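What follows is the content of model34.pdb (PDB, C-alpha atoms, pLDDT in the B column).
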ATOM      1  CA  MET A 267      14.911   1.191  -5.616  1.00 93.00           C
ATOM      2  CA  VAL A 268      15.682  -2.138  -7.295  1.00 95.00           C
ATOM      3  CA  LEU A 269      15.228  -3.988  -4.001  1.00 95.00           C
ATOM      4  CA  GLY A 270      11.961  -2.112  -3.406  1.00 95.00           C
ATOM      5  CA  TYR A 271      10.756  -3.140  -6.858  1.00 97.00           C
ATOM      6  CA  LEU A 272      11.707  -6.771  -6.237  1.00 97.00           C
ATOM      7  CA  VAL A 273       9.979  -6.846  -2.844  1.00 97.00           C
ATOM      8  CA  GLY A 274       6.905  -5.273  -4.441  1.00 96.00           C
ATOM      9  CA  SER A 275       7.004  -7.905  -7.189  1.00 96.00           C
ATOM     10  CA  LEU A 276       6.494 -10.719  -4.695  1.00 96.00           C
ATOM     11  CA  SER A 277       2.849 -11.780  -4.873  1.00 94.00           C
ATOM     12  CA  PRO A 278       1.460 -13.186  -1.639  1.00 95.00           C
ATOM     13  CA  SER A 279      -1.998 -13.562  -3.205  1.00 94.00           C
ATOM     14  CA  VAL A 280      -0.731 -15.869  -5.963  1.00 94.00           C
ATOM     15  CA  PHE A 281       1.626 -17.743  -3.612  1.00 95.00           C
ATOM     16  CA  LEU A 282      -0.926 -18.259  -0.819  1.00 94.00           C
ATOM     17  CA  GLY A 283      -3.715 -19.079  -3.263  1.00 94.00           C
ATOM     18  CA  LYS A 284      -1.677 -21.844  -4.863  1.00 93.00           C
ATOM     19  CA  LEU A 285      -0.201 -23.106  -1.588  1.00 94.00           C
ATOM     20  CA  PHE A 286      -3.345 -23.286   0.549  1.00 92.00           C
ATOM     21  CA  LYS A 287      -6.231 -23.401  -1.898  1.00 91.00           C
ATOM     22  CA  GLY A 288      -4.698 -24.829  -5.081  1.00 93.00           C
ATOM     23  CA  VAL A 289      -6.036 -21.783  -6.944  1.00 93.00           C
ATOM     24  CA  ASP A 290      -4.308 -19.433  -9.355  1.00 92.00           C
ATOM     25  CA  LEU A 291      -5.867 -16.129  -8.392  1.00 90.00           C
ATOM     26  CA  ARG A 292      -5.052 -14.715 -11.826  1.00 91.00           C
ATOM     27  CA  LYS A 293      -7.526 -17.183 -13.329  1.00 92.00           C
ATOM     28  CA  GLN A 294     -10.321 -16.621 -10.804  1.00 91.00           C
ATOM     29  CA  GLY A 295     -12.580 -13.718  -9.895  1.00 90.00           C
ATOM     30  CA  SER A 296     -11.389 -10.491 -11.487  1.00 89.00           C
ATOM     31  CA  GLY A 297      -8.130 -12.148 -12.548  1.00 88.00           C
ATOM     32  CA  ASN A 298      -6.207  -9.557 -10.565  1.00 88.00           C
ATOM     33  CA  ALA A 299      -3.366 -10.635  -8.245  1.00 90.00           C
ATOM     34  CA  GLY A 300      -4.306  -8.210  -5.498  1.00 88.00           C
ATOM     35  CA  THR A 301      -5.876  -8.081  -2.074  1.00 91.00           C
ATOM     36  CA  THR A 302      -9.475  -7.472  -3.152  1.00 90.00           C
ATOM     37  CA  ASN A 303      -9.527 -10.477  -5.467  1.00 92.00           C
ATOM     38  CA  ALA A 304      -7.884 -12.552  -2.724  1.00 93.00           C
ATOM     39  CA  PHE A 305     -10.787 -11.726  -0.396  1.00 92.00           C
ATOM     40  CA  ARG A 306     -13.290 -12.607  -3.125  1.00 91.00           C
ATOM     41  CA  VAL A 307     -11.687 -15.871  -4.220  1.00 93.00           C
ATOM     42  CA  LEU A 308      -9.746 -17.137  -1.205  1.00 93.00           C
ATOM     43  CA  GLY A 309     -12.038 -15.980   1.599  1.00 92.00           C
ATOM     44  CA  VAL A 310     -11.655 -13.732   4.627  1.00 92.00           C
ATOM     45  CA  LYS A 311      -8.795 -15.570   6.378  1.00 94.00           C
ATOM     46  CA  MET A 312      -6.563 -15.813   3.318  1.00 94.00           C
ATOM     47  CA  GLY A 313      -7.642 -12.350   2.161  1.00 92.00           C
ATOM     48  CA  THR A 314      -6.560 -10.949   5.508  1.00 94.00           C
ATOM     49  CA  ALA A 315      -3.198 -12.719   5.234  1.00 95.00           C
ATOM     50  CA  VAL A 316      -2.723 -11.236   1.754  1.00 95.00           C
ATOM     51  CA  LEU A 317      -3.730  -7.779   3.032  1.00 94.00           C
ATOM     52  CA  VAL A 318      -1.165  -7.920   5.844  1.00 96.00           C
ATOM     53  CA  ALA A 319       1.549  -9.192   3.480  1.00 96.00           C
ATOM     54  CA  ASP A 320       0.777  -6.505   0.892  1.00 96.00           C
ATOM     55  CA  LEU A 321       0.824  -3.800   3.577  1.00 95.00           C
ATOM     56  CA  LEU A 322       4.179  -5.092   4.846  1.00 97.00           C
ATOM     57  CA  LYS A 323       5.539  -5.094   1.287  1.00 96.00           C
ATOM     58  CA  GLY A 324       4.969  -1.346   1.334  1.00 96.00           C
ATOM     59  CA  VAL A 325       6.207  -0.733   4.865  1.00 96.00           C
ATOM     60  CA  ILE A 326       9.438  -2.734   4.959  1.00 97.00           C
ATOM     61  CA  PRO A 327      11.341  -1.277   1.960  1.00 97.00           C
ATOM     62  CA  VAL A 328      10.349   2.268   2.950  1.00 96.00           C
ATOM     63  CA  VAL A 329      11.484   1.832   6.561  1.00 96.00           C
ATOM     64  CA  ILE A 330      14.772   0.264   5.455  1.00 96.00           C
ATOM     65  CA  ALA A 331      15.413   3.040   2.903  1.00 95.00           C
ATOM     66  CA  ASP A 332      14.682   5.677   5.506  1.00 93.00           C
ATOM     67  CA  LEU A 333      16.894   4.062   8.157  1.00 94.00           C
ATOM     68  CA  VAL A 334      19.797   3.269   5.856  1.00 94.00           C
ATOM     69  CA  LEU A 335      19.808   6.306   3.578  1.00 91.00           C
ATOM     70  CA  GLY A 336      17.775   8.916   5.447  1.00 87.00           C
ATOM     71  CA  GLU A 337      17.050  10.915   2.282  1.00 88.00           C
ATOM     72  CA  PRO A 338      13.337  11.721   1.932  1.00 90.00           C
ATOM     73  CA  ILE A 339      13.393  11.781  -1.875  1.00 93.00           C
ATOM     74  CA  VAL A 340      15.070   8.359  -1.995  1.00 94.00           C
ATOM     75  CA  THR A 341      12.500   7.007   0.454  1.00 94.00           C
ATOM     76  CA  VAL A 342       9.687   8.274  -1.793  1.00 94.00           C
ATOM     77  CA  LEU A 343      11.352   6.745  -4.862  1.00 96.00           C
ATOM     78  CA  VAL A 344      11.701   3.409  -3.059  1.00 97.00           C
ATOM     79  CA  ALA A 345       7.997   3.582  -2.144  1.00 96.00           C
ATOM     80  CA  LEU A 346       7.070   4.252  -5.785  1.00 96.00           C
ATOM     81  CA  ALA A 347       9.327   1.428  -6.986  1.00 97.00           C
ATOM     82  CA  THR A 348       7.724  -0.953  -4.494  1.00 97.00           C
ATOM     83  CA  VAL A 349       4.217  -0.109  -5.697  1.00 96.00           C
ATOM     84  CA  ALA A 350       5.392  -0.386  -9.313  1.00 97.00           C
ATOM     85  CA  GLY A 351       6.737  -3.845  -8.501  1.00 97.00           C
ATOM     86  CA  HIS A 352       3.362  -4.862  -7.091  1.00 96.00           C
ATOM     87  CA  ASN A 353       1.510  -3.497 -10.125  1.00 95.00           C
ATOM     88  CA  TYR A 354       3.965  -4.760 -12.765  1.00 96.00           C
ATOM     89  CA  SER A 355       5.608  -7.771 -11.160  1.00 95.00           C
ATOM     90  CA  ILE A 356       8.654  -9.206 -12.877  1.00 96.00           C
ATOM     91  CA  PHE A 357       7.607 -12.584 -11.441  1.00 95.00           C
ATOM     92  CA  LEU A 358       4.114 -12.365 -12.967  1.00 93.00           C
ATOM     93  CA  ARG A 359       5.232 -11.244 -16.443  1.00 91.00           C
ATOM     94  CA  GLY A 360       4.434  -7.584 -15.877  1.00 91.00           C
ATOM     95  CA  LYS A 361       1.057  -8.100 -14.238  1.00 91.00           C
ATOM     96  CA  GLY A 362       0.027  -7.681 -10.636  1.00 89.00           C
ATOM     97  CA  GLY A 363      -2.443  -5.913  -8.395  1.00 88.00           C
ATOM     98  CA  LYS A 364      -3.619  -2.326  -8.271  1.00 90.00           C
ATOM     99  CA  GLY A 365      -1.143  -1.271  -5.579  1.00 90.00           C
ATOM    100  CA  VAL A 366      -3.672  -0.020  -3.036  1.00 91.00           C
ATOM    101  CA  ALA A 367      -2.602  -2.105  -0.022  1.00 92.00           C
ATOM    102  CA  THR A 368       1.114  -1.877  -0.861  1.00 95.00           C
ATOM    103  CA  GLY A 369       0.775   1.870  -1.428  1.00 93.00           C
ATOM    104  CA  ALA A 370      -1.078   2.193   1.877  1.00 93.00           C
ATOM    105  CA  GLY A 371       1.768   0.393   3.636  1.00 95.00           C
ATOM    106  CA  ALA A 372       4.298   2.761   2.079  1.00 95.00           C
ATOM    107  CA  ALA A 373       2.187   5.788   3.031  1.00 92.00           C
ATOM    108  CA  ILE A 374       1.826   4.556   6.611  1.00 92.00           C
ATOM    109  CA  ALA A 375       5.596   4.061   6.850  1.00 94.00           C
ATOM    110  CA  MET A 376       6.362   7.540   5.484  1.00 92.00           C
ATOM    111  CA  MET A 377       3.541   9.478   7.180  1.00 91.00           C
ATOM    112  CA  PRO A 378       1.964   7.458  10.016  1.00 91.00           C
ATOM    113  CA  LEU A 379      -0.666  10.044  10.947  1.00 90.00           C
ATOM    114  CA  VAL A 380      -1.768  10.586   7.338  1.00 91.00           C
ATOM    115  CA  GLY A 381      -1.753   6.826   6.802  1.00 87.00           C
ATOM    116  CA  ALA A 382      -3.912   6.234   9.868  1.00 89.00           C
ATOM    117  CA  VAL A 383      -6.436   8.862   8.778  1.00 91.00           C
ATOM    118  CA  LEU A 384      -6.570   7.360   5.282  1.00 91.00           C
ATOM    119  CA  VAL A 385      -7.103   3.853   6.680  1.00 90.00           C
ATOM    120  CA  GLY A 386     -10.004   5.256   8.707  1.00 93.00           C
ATOM    121  CA  LEU A 387     -11.411   6.992   5.623  1.00 94.00           C
ATOM    122  CA  PHE A 388     -11.031   3.799   3.595  1.00 92.00           C
ATOM    123  CA  LEU A 389     -12.890   1.743   6.198  1.00 93.00           C
ATOM    124  CA  LEU A 390     -15.647   4.345   6.539  1.00 96.00           C
ATOM    125  CA  LEU A 391     -16.194   4.483   2.775  1.00 96.00           C
ATOM    126  CA  LEU A 392     -15.989   0.717   2.436  1.00 93.00           C
ATOM    127  CA  LEU A 393     -18.552   0.166   5.187  1.00 95.00           C
ATOM    128  CA  THR A 394     -20.941   2.788   3.832  1.00 96.00           C
ATOM    129  CA  THR A 395     -20.668   2.083   0.090  1.00 95.00           C
ATOM    130  CA  ARG A 396     -19.545  -1.597   0.139  1.00 91.00           C
ATOM    131  CA  ILE A 397     -17.442  -0.762  -2.942  1.00 91.00           C
ATOM    132  CA  VAL A 398     -13.672  -1.204  -2.581  1.00 89.00           C
ATOM    133  CA  SER A 399     -12.827   0.835  -5.691  1.00 90.00           C
ATOM    134  CA  ILE A 400     -14.644   3.942  -4.391  1.00 94.00           C
ATOM    135  CA  ALA A 401     -12.777   3.757  -1.090  1.00 93.00           C
ATOM    136  CA  SER A 402      -9.473   3.130  -2.901  1.00 91.00           C
ATOM    137  CA  ILE A 403      -9.886   6.003  -5.363  1.00 93.00           C
ATOM    138  CA  ALA A 404     -10.999   8.449  -2.668  1.00 95.00           C
ATOM    139  CA  CYS A 405      -7.994   7.619  -0.492  1.00 92.00           C
ATOM    140  CA  THR A 406      -5.608   7.828  -3.451  1.00 91.00           C
ATOM    141  CA  VAL A 407      -6.938  11.302  -4.267  1.00 93.00           C
ATOM    142  CA  MET A 408      -6.815  12.377  -0.625  1.00 93.00           C
ATOM    143  CA  LEU A 409      -3.243  11.172   0.001  1.00 91.00           C
ATOM    144  CA  PRO A 410      -1.401  14.141  -1.560  1.00 90.00           C
ATOM    145  CA  VAL A 411      -3.966  16.608  -0.190  1.00 92.00           C
ATOM    146  CA  MET A 412      -3.581  15.291   3.333  1.00 90.00           C
ATOM    147  CA  ALA A 413       0.195  15.109   3.032  1.00 87.00           C
ATOM    148  CA  ILE A 414       0.266  18.804   2.139  1.00 89.00           C
ATOM    149  CA  VAL A 415      -2.205  19.777   4.873  1.00 88.00           C
ATOM    150  CA  PHE A 416      -0.430  17.783   7.592  1.00 83.00           C
ATOM    151  CA  ARG A 417       2.978  19.013   6.391  1.00 78.00           C
ATOM    152  CA  SER A 418       1.919  22.652   6.483  1.00 60.00           C
ATOM    153  CA  ARG A 419       0.389  22.177   9.953  1.00 60.00           C
ATOM    154  CA  SER A 420       3.582  20.590  11.281  1.00 52.00           C
ATOM    155  CA  ARG A 421       5.631  23.472   9.863  1.00 46.00           C
ATOM    156  CA  THR A 422       3.278  25.979  11.475  1.00 41.00           C
ATOM    157  CA  SER A 423       3.515  24.160  14.807  1.00 42.00           C
ATOM    158  CA  SER A 424       7.307  23.929  14.684  1.00 43.00           C
ATOM    159  CA  SER A 425       7.582  27.574  13.585  1.00 39.00           C
ATOM    160  CA  ALA A 426       5.351  28.638  16.464  1.00 39.00           C
ATOM    161  CA  ALA A 427       7.394  26.529  18.871  1.00 42.00           C
ATOM    162  CA  SER A 428      10.659  28.054  17.653  1.00 41.00           C
ATOM    163  CA  CYS A 429       9.214  31.568  18.004  1.00 40.00           C
ATOM    164  CA  ARG A 430       8.305  30.875  21.617  1.00 40.00           C
ATOM    165  CA  ARG A 431      11.893  29.921  22.468  1.00 44.00           C
TER     166      ARG A 431
END
File written out as structure tokens:
Amino acid sequence: MVLGYLVGSLSPSVFLGKLFKGVDLRKQGSGNAGTTNAFRVLGVKMGTAVLVADLLKGVIPVVIADLVLGEPIVTVLVALATVAGHNYSIFLRGKGGKGVATGAGAAIAMMPLVGAVLVGLFLLLLLTTRIVSIASIACTVMLPVMAIVFRSRSRTSSSAASCRR
């Protein structure tokens, strides 16, 4: 969990903004060190790089926790610690982003099908409303609902399969 928090605390938006644009993202746009502000302030190319890095920050610790420890509850706790690190970075004095991209990466790593559906929902809402926060909130609300629905469907399918044997 500590390693997940530390990985989450790394801020590609601040690092890339300073390195390539000479800009401190925390002093521009919304002042937030997240993906959305990176797109606004740094442009599409750098915003995309930040998006990929933030997604990977969520994916990598979760995959490692799952491979090394194999305990679902520990994997979930690592995912939460990673998002907490992004939101309350030790390297940014307790500030950070909103955790949407990092949380999406963690969700994709834990539940690929649910993650893929949520990415599709996010893109659909973003394209139709043009408001990132609406898409983010809707997907955050839908995550536990979809996890339960997909989990219960997989149990039903595996129960049906075992009955047929």
Q: Would you write out, as a PyMOL selection string, every residue that the PyMOL selection byres ((chain A and resi 299-305) around 10) captures in this file?
A: chain A and resi 277-283+290-298+306-321+352-353+355+358+361-368+398-399
Now that the selection is made, can you save its residues with C-alpha atoms as a short mmCIF file (atom, residue, chain, number, x, y, z; two decimals), keeping the file's coordinate frame?
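Result file out38.cif:
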data_model
loop_
_atom_site.label_atom_id
_atom_site.label_comp_id
_atom_site.auth_asym_id
_atom_site.auth_seq_id
_atom_site.Cartn_x
_atom_site.Cartn_y
_atom_site.Cartn_z
CA SER A 277 2.85 -11.78 -4.87
CA PRO A 278 1.46 -13.19 -1.64
CA SER A 279 -2.00 -13.56 -3.20
CA VAL A 280 -0.73 -15.87 -5.96
CA PHE A 281 1.63 -17.74 -3.61
CA LEU A 282 -0.93 -18.26 -0.82
CA GLY A 283 -3.72 -19.08 -3.26
CA ASP A 290 -4.31 -19.43 -9.36
CA LEU A 291 -5.87 -16.13 -8.39
CA ARG A 292 -5.05 -14.72 -11.83
CA LYS A 293 -7.53 -17.18 -13.33
CA GLN A 294 -10.32 -16.62 -10.80
CA GLY A 295 -12.58 -13.72 -9.90
CA SER A 296 -11.39 -10.49 -11.49
CA GLY A 297 -8.13 -12.15 -12.55
CA ASN A 298 -6.21 -9.56 -10.56
CA ARG A 306 -13.29 -12.61 -3.12
CA VAL A 307 -11.69 -15.87 -4.22
CA LEU A 308 -9.75 -17.14 -1.20
CA GLY A 309 -12.04 -15.98 1.60
CA VAL A 310 -11.66 -13.73 4.63
CA LYS A 311 -8.80 -15.57 6.38
CA MET A 312 -6.56 -15.81 3.32
CA GLY A 313 -7.64 -12.35 2.16
CA THR A 314 -6.56 -10.95 5.51
CA ALA A 315 -3.20 -12.72 5.23
CA VAL A 316 -2.72 -11.24 1.75
CA LEU A 317 -3.73 -7.78 3.03
CA VAL A 318 -1.16 -7.92 5.84
CA ALA A 319 1.55 -9.19 3.48
CA ASP A 320 0.78 -6.50 0.89
CA LEU A 321 0.82 -3.80 3.58
CA HIS A 352 3.36 -4.86 -7.09
CA ASN A 353 1.51 -3.50 -10.12
CA SER A 355 5.61 -7.77 -11.16
CA LEU A 358 4.11 -12.36 -12.97
CA LYS A 361 1.06 -8.10 -14.24
CA GLY A 362 0.03 -7.68 -10.64
CA GLY A 363 -2.44 -5.91 -8.40
CA LYS A 364 -3.62 -2.33 -8.27
CA GLY A 365 -1.14 -1.27 -5.58
CA VAL A 366 -3.67 -0.02 -3.04
CA ALA A 367 -2.60 -2.10 -0.02
CA THR A 368 1.11 -1.88 -0.86
CA VAL A 398 -13.67 -1.20 -2.58
CA SER A 399 -12.83 0.84 -5.69
#
Q: Quick one: everything within 8 Å of stretch 338-348 of chain A, counting all atoms listed in the file, minus sequence neighbours fewer than 3 positions away in the same chain. Send it as a PyMOL selection string.
A: chain A and resi 267-268+270-275+323-324+327-328+331-332+335+351-352+368-369+372+376
(Q) List as a list in words the protein and nucleic acid residues near A:Leu389, meaning an atom at most 10 Å away when only C-alpha atoms are counted, but skip any in the same chain fewer than 6 places from it. (A)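 Everything that qualifies: Val383, Thr395, Arg396, Val398, Ala401 and Ser402 of chain A.
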Q) atom CA of A:Val380 and atom CA of A:Val407 are how many Å apart? A) 12.7 Å
Q: Run the PyMOL selection byres ((chain A and resi 384) around 9) mentally over the shown coordinates, then write out the matched residues as a list in words, using the chain letters and numbers from the document.
A: Ala370, Ile374, Leu379, Val380, Gly381, Ala382, Val383, Val385, Gly386, Leu387, Phe388, Leu389, Cys405, Thr406, Met408, Leu409 and Met412 of chain A
Q | Selected residue, from A:Ile403, A:Leu392, A:Leu285, A:Leu269, that lies nearest to A:Ile330 when counting only C-alpha atoms | A |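 Of the candidates, the smallest distance to A:Ile330 is held by A:Leu269.
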Q: Measure the distance from atom CA of A:Arg417 to atom CA of A:Gly371 in Å and round it to one decimal.
A: 18.9 Å
Just need the box for stretch 327-343 of chain A, edges along x, y and z, holding every atom the file lists for it with 4 Å tacked onto each side, so centre and edge lengths in Å to one decimal, as JSON.
{"center_x": 14.7, "center_y": 5.3, "center_z": 1.6, "size_x": 18.1, "size_y": 21.1, "size_z": 21.0}
(Q) Please determine, counting only C-alpha atoms, which residue among A:Ala375, A:Leu391, A:Val411, A:Val289 has the shortest atom-to-atom distance to A:Leu333. (A) A:Ala375
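Picture a line from atom CA of A:Phe416 to atom CA of A:Thr394; it runs 25.7 Å.
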Test item: write stretch 287-354 of chain A with C-alpha atoms as a PDB file, in the first residue's frame:
ATOM      1  CA  LYS A 287       6.667  23.880 -21.232  1.00  0.00           C
ATOM      2  CA  GLY A 288       8.347  25.639 -18.298  1.00  0.00           C
ATOM      3  CA  VAL A 289       4.929  25.841 -16.622  1.00  0.00           C
ATOM      4  CA  ASP A 290       3.869  24.941 -13.102  1.00  0.00           C
ATOM      5  CA  LEU A 291       0.447  23.468 -13.727  1.00  0.00           C
ATOM      6  CA  ARG A 292      -0.562  24.227 -10.141  1.00  0.00           C
ATOM      7  CA  LYS A 293      -0.331  27.935 -10.955  1.00  0.00           C
ATOM      8  CA  GLN A 294      -2.187  27.788 -14.278  1.00  0.00           C
ATOM      9  CA  GLY A 295      -5.732  26.982 -15.344  1.00  0.00           C
ATOM     10  CA  SER A 296      -7.709  25.433 -12.505  1.00  0.00           C
ATOM     11  CA  GLY A 297      -4.540  25.050 -10.429  1.00  0.00           C
ATOM     12  CA  ASN A 298      -5.150  21.316 -10.251  1.00  0.00           C
ATOM     13  CA  ALA A 299      -2.290  18.870 -10.931  1.00  0.00           C
ATOM     14  CA  GLY A 300      -4.437  16.468 -12.915  1.00  0.00           C
ATOM     15  CA  THR A 301      -5.098  15.308 -16.440  1.00  0.00           C
ATOM     16  CA  THR A 302      -7.908  17.730 -17.287  1.00  0.00           C
ATOM     17  CA  ASN A 303      -5.867  20.784 -16.339  1.00  0.00           C
ATOM     18  CA  ALA A 304      -2.916  19.347 -18.276  1.00  0.00           C
ATOM     19  CA  PHE A 305      -5.068  19.233 -21.420  1.00  0.00           C
ATOM     20  CA  ARG A 306      -6.237  22.804 -20.807  1.00  0.00           C
ATOM     21  CA  VAL A 307      -2.834  24.306 -20.042  1.00  0.00           C
ATOM     22  CA  LEU A 308      -0.300  22.086 -21.805  1.00  0.00           C
ATOM     23  CA  GLY A 309      -2.279  21.150 -24.913  1.00  0.00           C
ATOM     24  CA  VAL A 310      -3.442  17.899 -26.478  1.00  0.00           C
ATOM     25  CA  LYS A 311      -0.046  16.197 -26.915  1.00  0.00           C
ATOM     26  CA  MET A 312       1.153  16.813 -23.367  1.00  0.00           C
ATOM     27  CA  GLY A 313      -2.349  16.218 -21.999  1.00  0.00           C
ATOM     28  CA  THR A 314      -2.386  12.835 -23.699  1.00  0.00           C
ATOM     29  CA  ALA A 315       1.028  11.990 -22.233  1.00  0.00           C
ATOM     30  CA  VAL A 316      -0.249  12.939 -18.767  1.00  0.00           C
ATOM     31  CA  LEU A 317      -3.415  10.870 -19.311  1.00  0.00           C
ATOM     32  CA  VAL A 318      -1.400   7.780 -20.255  1.00  0.00           C
ATOM     33  CA  ALA A 319       0.979   8.272 -17.311  1.00  0.00           C
ATOM     34  CA  ASP A 320      -1.896   8.766 -14.863  1.00  0.00           C
ATOM     35  CA  LEU A 321      -3.663   5.663 -16.197  1.00  0.00           C
ATOM     36  CA  LEU A 322      -0.447   3.650 -15.829  1.00  0.00           C
ATOM     37  CA  LYS A 323      -0.030   4.943 -12.269  1.00  0.00           C
ATOM     38  CA  GLY A 324      -3.301   3.180 -11.514  1.00  0.00           C
ATOM     39  CA  VAL A 325      -2.603   0.033 -13.510  1.00  0.00           C
ATOM     40  CA  ILE A 326       0.953  -0.823 -12.474  1.00  0.00           C
ATOM     41  CA  PRO A 327       0.630  -0.987  -8.651  1.00  0.00           C
ATOM     42  CA  VAL A 328      -2.630  -2.943  -8.931  1.00  0.00           C
ATOM     43  CA  VAL A 329      -1.168  -5.497 -11.350  1.00  0.00           C
ATOM     44  CA  ILE A 330       1.944  -5.920  -9.198  1.00  0.00           C
ATOM     45  CA  ALA A 331      -0.132  -6.331  -6.012  1.00  0.00           C
ATOM     46  CA  ASP A 332      -2.332  -8.889  -7.709  1.00  0.00           C
ATOM     47  CA  LEU A 333       0.599 -10.861  -9.140  1.00  0.00           C
ATOM     48  CA  VAL A 334       2.728 -10.782  -6.007  1.00  0.00           C
ATOM     49  CA  LEU A 335       0.095 -11.128  -3.294  1.00  0.00           C
ATOM     50  CA  GLY A 336      -2.969 -12.469  -5.095  1.00  0.00           C
ATOM     51  CA  GLU A 337      -5.349 -11.284  -2.361  1.00  0.00           C
ATOM     52  CA  PRO A 338      -8.297  -9.332  -3.793  1.00  0.00           C
ATOM     53  CA  ILE A 339      -8.759  -7.158  -0.702  1.00  0.00           C
ATOM     54  CA  VAL A 340      -5.072  -6.186  -0.723  1.00  0.00           C
ATOM     55  CA  THR A 341      -5.304  -5.363  -4.424  1.00  0.00           C
ATOM     56  CA  VAL A 342      -8.285  -3.081  -3.732  1.00  0.00           C
ATOM     57  CA  LEU A 343      -6.431  -1.412  -0.850  1.00  0.00           C
ATOM     58  CA  VAL A 344      -3.400  -0.835  -3.082  1.00  0.00           C
ATOM     59  CA  ALA A 345      -5.700   0.716  -5.706  1.00  0.00           C
ATOM     60  CA  LEU A 346      -7.220   3.036  -3.085  1.00  0.00           C
ATOM     61  CA  ALA A 347      -3.772   3.971  -1.763  1.00  0.00           C
ATOM     62  CA  THR A 348      -2.604   4.766  -5.292  1.00  0.00           C
ATOM     63  CA  VAL A 349      -5.556   7.077  -5.923  1.00  0.00           C
ATOM     64  CA  ALA A 350      -5.046   8.665  -2.495  1.00  0.00           C
ATOM     65  CA  GLY A 351      -1.423   9.305  -3.447  1.00  0.00           C
ATOM     66  CA  HIS A 352      -2.534  11.029  -6.642  1.00  0.00           C
ATOM     67  CA  ASN A 353      -5.094  13.153  -4.789  1.00  0.00           C
ATOM     68  CA  TYR A 354      -2.912  13.956  -1.758  1.00  0.00           C
TER      69      TYR A 354
END
